[in-house]
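Here's start_19.tsv, which has TSV, C-alpha atoms:
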```tsv
chain	number	residue	atom	x	y	z
A	98	MET	CA	155.13	70.60	96.74
A	99	ALA	CA	151.76	72.16	97.42
A	100	ASP	CA	150.86	72.95	100.98
A	101	PRO	CA	148.43	70.14	101.97
A	102	THR	CA	146.42	72.41	104.27
A	103	ALA	CA	146.04	75.03	101.56
A	104	SER	CA	144.97	72.48	98.94
A	105	SER	CA	142.54	70.99	101.46
A	106	ALA	CA	141.12	74.47	102.08
A	107	VAL	CA	140.60	74.88	98.35
A	108	GLY	CA	138.87	71.48	98.23
A	109	ALA	CA	136.60	72.28	101.16
A	110	GLY	CA	135.83	75.63	99.55
A	111	LEU	CA	134.96	73.88	96.28
A	112	LEU	CA	132.59	71.46	98.01
A	113	GLY	CA	131.01	74.30	99.98
A	114	SER	CA	130.60	76.33	96.80
A	115	LEU	CA	129.04	73.32	95.07
A	116	LEU	CA	126.52	72.91	97.88
A	117	VAL	CA	125.69	76.63	97.83
A	118	MET	CA	125.22	76.35	94.06
A	119	LEU	CA	122.90	73.34	94.44
A	120	LEU	CA	120.87	74.44	97.45
A	121	GLY	CA	121.20	78.21	97.30
A	122	PRO	CA	122.78	80.51	99.89
A	123	GLU	CA	120.53	79.06	102.61
A	124	GLY	CA	122.08	75.62	102.08
A	125	LEU	CA	124.81	76.18	104.66
A	126	GLU	CA	122.27	77.42	107.22
A	127	TYR	CA	120.17	74.31	106.69
A	128	ALA	CA	123.29	72.15	107.03
A	129	ALA	CA	124.04	73.74	110.42
A	130	LEU	CA	120.41	73.27	111.47
A	131	LEU	CA	120.44	69.62	110.41
A	132	CYS	CA	123.70	68.96	112.26
A	133	ALA	CA	122.34	70.53	115.45
A	134	ALA	CA	119.10	68.55	115.29
A	135	LEU	CA	120.93	65.30	114.58
A	136	ALA	CA	123.42	65.90	117.40
A	137	GLY	CA	120.58	66.68	119.83
A	138	ALA	CA	118.64	63.56	118.83
A	139	LEU	CA	121.49	61.36	120.09
A	140	TRP	CA	120.67	62.19	123.72
A	141	PRO	CA	117.13	60.73	123.80
A	142	LEU	CA	118.48	57.76	121.84
A	143	SER	CA	120.88	57.07	124.72
A	144	LYS	CA	117.92	56.85	127.14
A	145	THR	CA	115.58	54.77	124.99
A	146	PRO	CA	115.88	50.98	124.77
A	147	THR	CA	115.83	50.11	121.06
A	148	PRO	CA	115.72	46.52	119.79
A	149	THR	CA	117.45	47.07	116.43
A	150	ARG	CA	119.60	49.61	114.65
A	151	MET	CA	116.76	50.20	112.19
A	152	ALA	CA	114.44	51.16	115.04
A	153	ALA	CA	117.14	53.45	116.43
A	154	SER	CA	117.63	55.06	113.02
A	155	LEU	CA	113.89	55.69	112.67
A	156	LEU	CA	113.82	57.32	116.12
A	157	LEU	CA	116.78	59.50	115.12
A	158	VAL	CA	114.98	60.57	111.94
A	159	ARG	CA	111.81	61.32	113.92
A	160	TRP	CA	113.52	63.47	116.57
A	161	THR	CA	115.69	65.22	113.96
A	162	ALA	CA	112.62	66.06	111.87
A	163	ALA	CA	110.83	67.34	114.97
A	164	GLY	CA	113.80	69.59	115.77
A	165	LEU	CA	113.95	70.91	112.20
A	166	CYS	CA	110.20	71.60	111.96
A	167	LEU	CA	109.62	73.04	115.43
A	168	SER	CA	112.73	75.26	115.51
A	169	GLY	CA	111.39	77.57	112.78
A	170	LEU	CA	108.02	77.79	114.51
A	171	ILE	CA	109.51	78.47	117.94
A	172	VAL	CA	111.96	81.12	116.66
A	173	TRP	CA	109.10	82.81	114.77
A	174	GLY	CA	107.04	82.83	117.99
A	175	MET	CA	109.99	84.22	119.95
A	176	ARG	CA	110.35	87.07	117.45
A	177	GLN	CA	106.62	87.83	117.25
A	178	HIS	CA	105.59	87.56	120.87
A	179	TRP	CA	108.73	88.14	122.93
A	180	GLY	CA	110.48	90.62	120.63
A	181	TRP	CA	113.57	88.40	120.32
A	182	THR	CA	116.23	90.31	118.33
A	183	GLY	CA	119.08	87.78	118.26
A	184	SER	CA	120.49	86.15	115.15
A	185	THR	CA	117.82	83.97	113.57
A	186	GLN	CA	120.31	81.35	112.37
A	187	ALA	CA	122.13	80.97	115.68
A	188	THR	CA	118.84	80.88	117.60
A	189	SER	CA	117.37	78.30	115.22
A	190	VAL	CA	120.44	76.09	115.60
A	191	GLY	CA	120.20	76.24	119.39
A	192	VAL	CA	116.44	75.64	119.43
A	193	ALA	CA	116.74	72.70	117.00
A	194	PHE	CA	119.36	71.12	119.28
A	195	VAL	CA	117.21	71.55	122.41
A	196	VAL	CA	113.99	70.34	120.75
A	197	SER	CA	115.72	67.22	119.41
A	198	ALA	CA	117.44	66.60	122.74
A	199	ILE	CA	114.07	66.61	124.55
A	200	GLY	CA	112.90	63.83	122.21
A	201	ASP	CA	109.75	62.16	123.55
A	202	ASP	CA	110.01	63.78	126.99
A	203	TRP	CA	107.68	66.67	126.18
A	204	MET	CA	105.08	65.53	128.71
A	205	GLY	CA	107.71	65.76	131.43
A	206	VAL	CA	108.55	69.31	130.34
A	207	PHE	CA	104.87	70.29	130.33
A	208	ARG	CA	104.38	68.67	133.75
A	209	ALA	CA	107.31	70.64	135.14
A	210	ILE	CA	105.93	73.91	133.70
A	211	ALA	CA	102.45	73.15	135.08
A	212	SER	CA	103.93	72.32	138.48
A	213	ARG	CA	105.85	75.61	138.56
A	214	ALA	CA	102.74	77.51	137.44
A	215	ARG	CA	100.63	75.87	140.14
A	216	ALA	CA	103.25	76.73	142.74
A	217	LEU	CA	103.37	80.33	141.49
A	218	ILE	CA	99.59	80.71	141.62
A	219	GLY	CA	99.08	78.80	144.87
A	220	GLY	CA	102.19	80.13	146.58
A	221	GLY	CA	103.39	76.61	147.47
A	222	LYS	CA	106.46	74.66	146.48
A	223	PRO	CA	106.62	72.90	143.09
A	224	SER	CA	105.94	69.17	143.37
A	225	GLY	CA	109.19	68.33	141.52
A	226	ASP	CA	107.73	65.81	139.12
A	227	GLY	CA	109.60	67.31	136.15
A	228	PRO	CA	111.75	65.51	133.60
B	152	MET	CA	139.95	67.84	99.01
B	153	ILE	CA	141.21	64.29	99.61
B	154	LEU	CA	141.82	65.09	103.28
B	155	SER	CA	138.30	66.51	103.59
B	156	GLY	CA	136.82	63.39	101.98
B	157	VAL	CA	138.83	61.02	104.20
B	158	TYR	CA	137.89	63.06	107.27
B	159	PHE	CA	134.22	62.95	106.30
B	160	ILE	CA	134.34	59.14	105.93
B	161	LEU	CA	136.11	58.76	109.29
B	162	THR	CA	133.63	61.01	111.09
B	163	ALA	CA	130.73	59.13	109.44
B	164	CYS	CA	132.21	55.90	110.87
B	165	LEU	CA	132.53	57.55	114.29
B	166	PHE	CA	128.93	58.75	114.14
B	167	TRP	CA	127.62	55.31	113.18
B	168	GLY	CA	129.74	53.66	115.87
B	169	ALA	CA	128.28	56.03	118.47
B	170	VAL	CA	124.74	55.34	117.20
B	171	CYS	CA	125.33	51.57	117.42
B	172	ARG	CA	126.48	51.88	121.06
B	173	LEU	CA	123.65	54.28	121.97
B	174	THR	CA	121.20	51.75	120.50
B	175	ARG	CA	122.22	49.40	123.32
B	176	THR	CA	122.16	51.92	126.16
B	177	ASP	CA	119.15	52.89	128.25
B	178	LEU	CA	118.46	54.58	131.59
B	179	THR	CA	120.27	51.81	133.47
B	180	THR	CA	123.54	52.78	131.77
B	181	ARG	CA	125.83	55.17	133.60
B	182	LEU	CA	125.15	58.83	132.80
B	183	GLU	CA	128.76	59.66	131.91
B	184	VAL	CA	128.90	56.78	129.41
B	185	ARG	CA	125.73	57.95	127.67
B	186	MET	CA	126.98	61.55	127.67
B	187	ALA	CA	130.34	60.48	126.24
B	188	PHE	CA	128.88	58.57	123.29
B	189	ALA	CA	126.19	61.19	122.60
B	190	GLY	CA	128.93	63.83	122.62
B	191	LEU	CA	131.12	61.73	120.35
B	192	GLY	CA	128.30	61.31	117.84
B	193	GLY	CA	127.40	65.01	117.92
B	194	ALA	CA	131.03	66.07	117.50
B	195	ALA	CA	131.40	63.61	114.61
B	196	VAL	CA	128.38	65.13	112.84
B	197	PHE	CA	129.63	68.69	113.23
B	198	GLY	CA	133.24	67.73	112.45
B	199	GLY	CA	132.44	65.86	109.25
B	200	VAL	CA	130.12	68.50	107.83
B	201	SER	CA	132.29	71.44	108.86
B	202	GLY	CA	135.29	69.73	107.24
B	203	LEU	CA	133.40	69.69	103.97
B	204	LEU	CA	131.77	73.10	104.16
B	205	TRP	CA	133.50	75.51	106.51
B	206	TRP	CA	136.86	74.58	108.01
B	207	PRO	CA	139.13	72.15	106.16
B	208	PRO	CA	140.73	69.50	108.40
B	209	SER	CA	144.47	69.35	108.97
B	210	PRO	CA	146.41	66.06	108.69
B	211	ALA	CA	146.50	65.97	112.51
B	212	ASP	CA	142.68	66.12	112.60
B	213	VAL	CA	142.48	63.19	110.19
B	214	ALA	CA	145.02	61.21	112.20
B	215	LEU	CA	143.10	61.85	115.43
B	216	ALA	CA	139.80	60.78	113.85
B	217	ALA	CA	141.45	57.63	112.47
B	218	ALA	CA	142.88	56.82	115.91
B	219	ILE	CA	139.48	57.23	117.59
B	220	CYS	CA	137.97	54.99	114.90
B	221	GLY	CA	140.63	52.42	115.80
B	222	VAL	CA	139.72	52.65	119.49
B	223	GLN	CA	136.04	52.23	118.65
B	224	LEU	CA	136.82	49.20	116.50
B	225	ALA	CA	139.08	47.60	119.11
B	226	SER	CA	136.54	48.10	121.92
B	227	SER	CA	133.57	46.95	119.83
B	228	ARG	CA	133.98	43.33	121.01
B	229	LEU	CA	133.09	44.47	124.55
B	230	TRP	CA	129.69	45.59	123.28
B	231	ILE	CA	128.71	42.41	121.41
B	232	GLY	CA	126.56	41.17	124.29
B	233	GLY	CA	125.13	44.60	125.07
B	234	VAL	CA	126.38	47.33	127.38
B	235	PRO	CA	129.45	46.16	129.36
B	236	ARG	CA	128.46	45.39	132.97
B	237	GLN	CA	130.89	47.93	134.38
B	238	TYR	CA	128.91	50.65	132.60
B	239	ASP	CA	125.64	49.56	134.19
B	240	THR	CA	124.19	51.34	137.20
B	241	ALA	CA	122.09	48.42	138.44
B	242	PRO	CA	123.81	47.16	141.64
B	243	SER	CA	122.53	43.59	141.29
B	244	GLN	CA	124.13	43.22	137.88
B	245	LEU	CA	127.35	44.79	139.10
B	246	ASP	CA	127.50	42.23	141.90
B	247	GLU	CA	127.19	39.39	139.40
B	248	ALA	CA	130.07	40.69	137.25
B	249	PRO	CA	133.19	38.55	137.82
B	250	ASN	CA	135.63	41.49	137.61
B	251	ALA	CA	133.45	44.15	139.26
```
For this file, write the structure as structure tokens.
Amino acid sequence: MADPTASSAVGAGLLGSLLVMLLGPEGLEYAALLCAALAGALWPLSKTPTPTRMAASLLLVRWTAAGLCLSGLIVWGMRQHWGWTGSTQATSVGVAFVVSAIGDDWMGVFRAIASRARALIGGGKPSGDGP
Amino acid sequence: MILSGVYFILTACLFWGAVCRLTRTDLTTRLEVRMAFAGLGGAAVFGGVSGLLWWPPSPADVALAAAICGVQLASSRLWIGGVPRQYDTAPSQLDEAPNA
């Protein structure tokens, strides 16, 4: 009798190979990026009142797409301007997760940054109106 | 390959179940409840895809996923009318709950 774990490993390897063949070697990296963005998008969904599952699905698609699109841009900026030398794939996965997890709360993030900047310039305490 | 396929289907069910519950939650829902279901959905996404692409699942993984699916299914009747009152942070609603 064949070892079920070994045959399952062969099956998973076959499916992985098929995906690599269809999408190219970057296919697995994109899969990891997509998973991270989708997992991150669940957090803003938990905070947002949604009337239907369709509306919730559209929000998930929107936040996942934002994570996918912005992660490449942010990682490129980190490399160009801050001299970031870490693994591009691992950094992109982390950034995609964080961007998706922020969801629609970008104004809160910007307010918090502005508050910190004002406190730094003025020498006072931040007002604490962050997200 | 069959185990990977079954595991993928089970994790897809777990992900959709988490999405359906998160559709009903908002800021008045307890933080730990929202974190638990967001974590369950995220783990289901990574588990299902990694079972297909990177690490094949063992029979124990499949059994665990099936058991969690069963728990989700059995507790789904509590969510028919929205978030269960015990998971709500609003004190007025907690006071109205008969078993709170």
Based on only C-alpha atoms, which of the residues in chain B come within 9 Å of chain A? I want them as a VMD selection string. chain B and resid 152 to 156 169 to 180 185 to 186 188 to 190 192 to 197 200 to 210
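When CA of Val184 in chain B is paired with CA of Phe166 in chain B, their separation reads 15.4 Å.
Between CA of Leu191 in chain B and CA of Ala163 in chain B there is a distance of 11.2 Å.
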Using only C-alpha atoms, determine which residues lie at most 10 Å from Ala162 in chain A, disregarding the query and same-chain residues fewer than 2 positions distant; provide the list as a PyMOL selection string. chain A and resi 131+134-135+138+156-160+164-168+193+196-197
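Atom pair CA of Ile219 in chain B / CA of Thr162 in chain B has a distance of 9.5 Å (rounded to one decimal).
Among the candidate residues B:Arg181, B:Tyr238, B:Val213, B:Leu224, the one lying nearest to Trp167 in chain B is B:Leu224, with distances computed using only C-alpha atoms.
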Around range 151-167 of chain A, fit a box with edges along x, y and z, padding it by 4 Å on each side, then list its centre and edge lengths in Å to one decimal as lines of an AutoDock Vina configuration file.
```
center_x = 113.6
center_y = 61.6
center_z = 114.2
size_x = 16.0
size_y = 30.8
size_z = 12.7
```
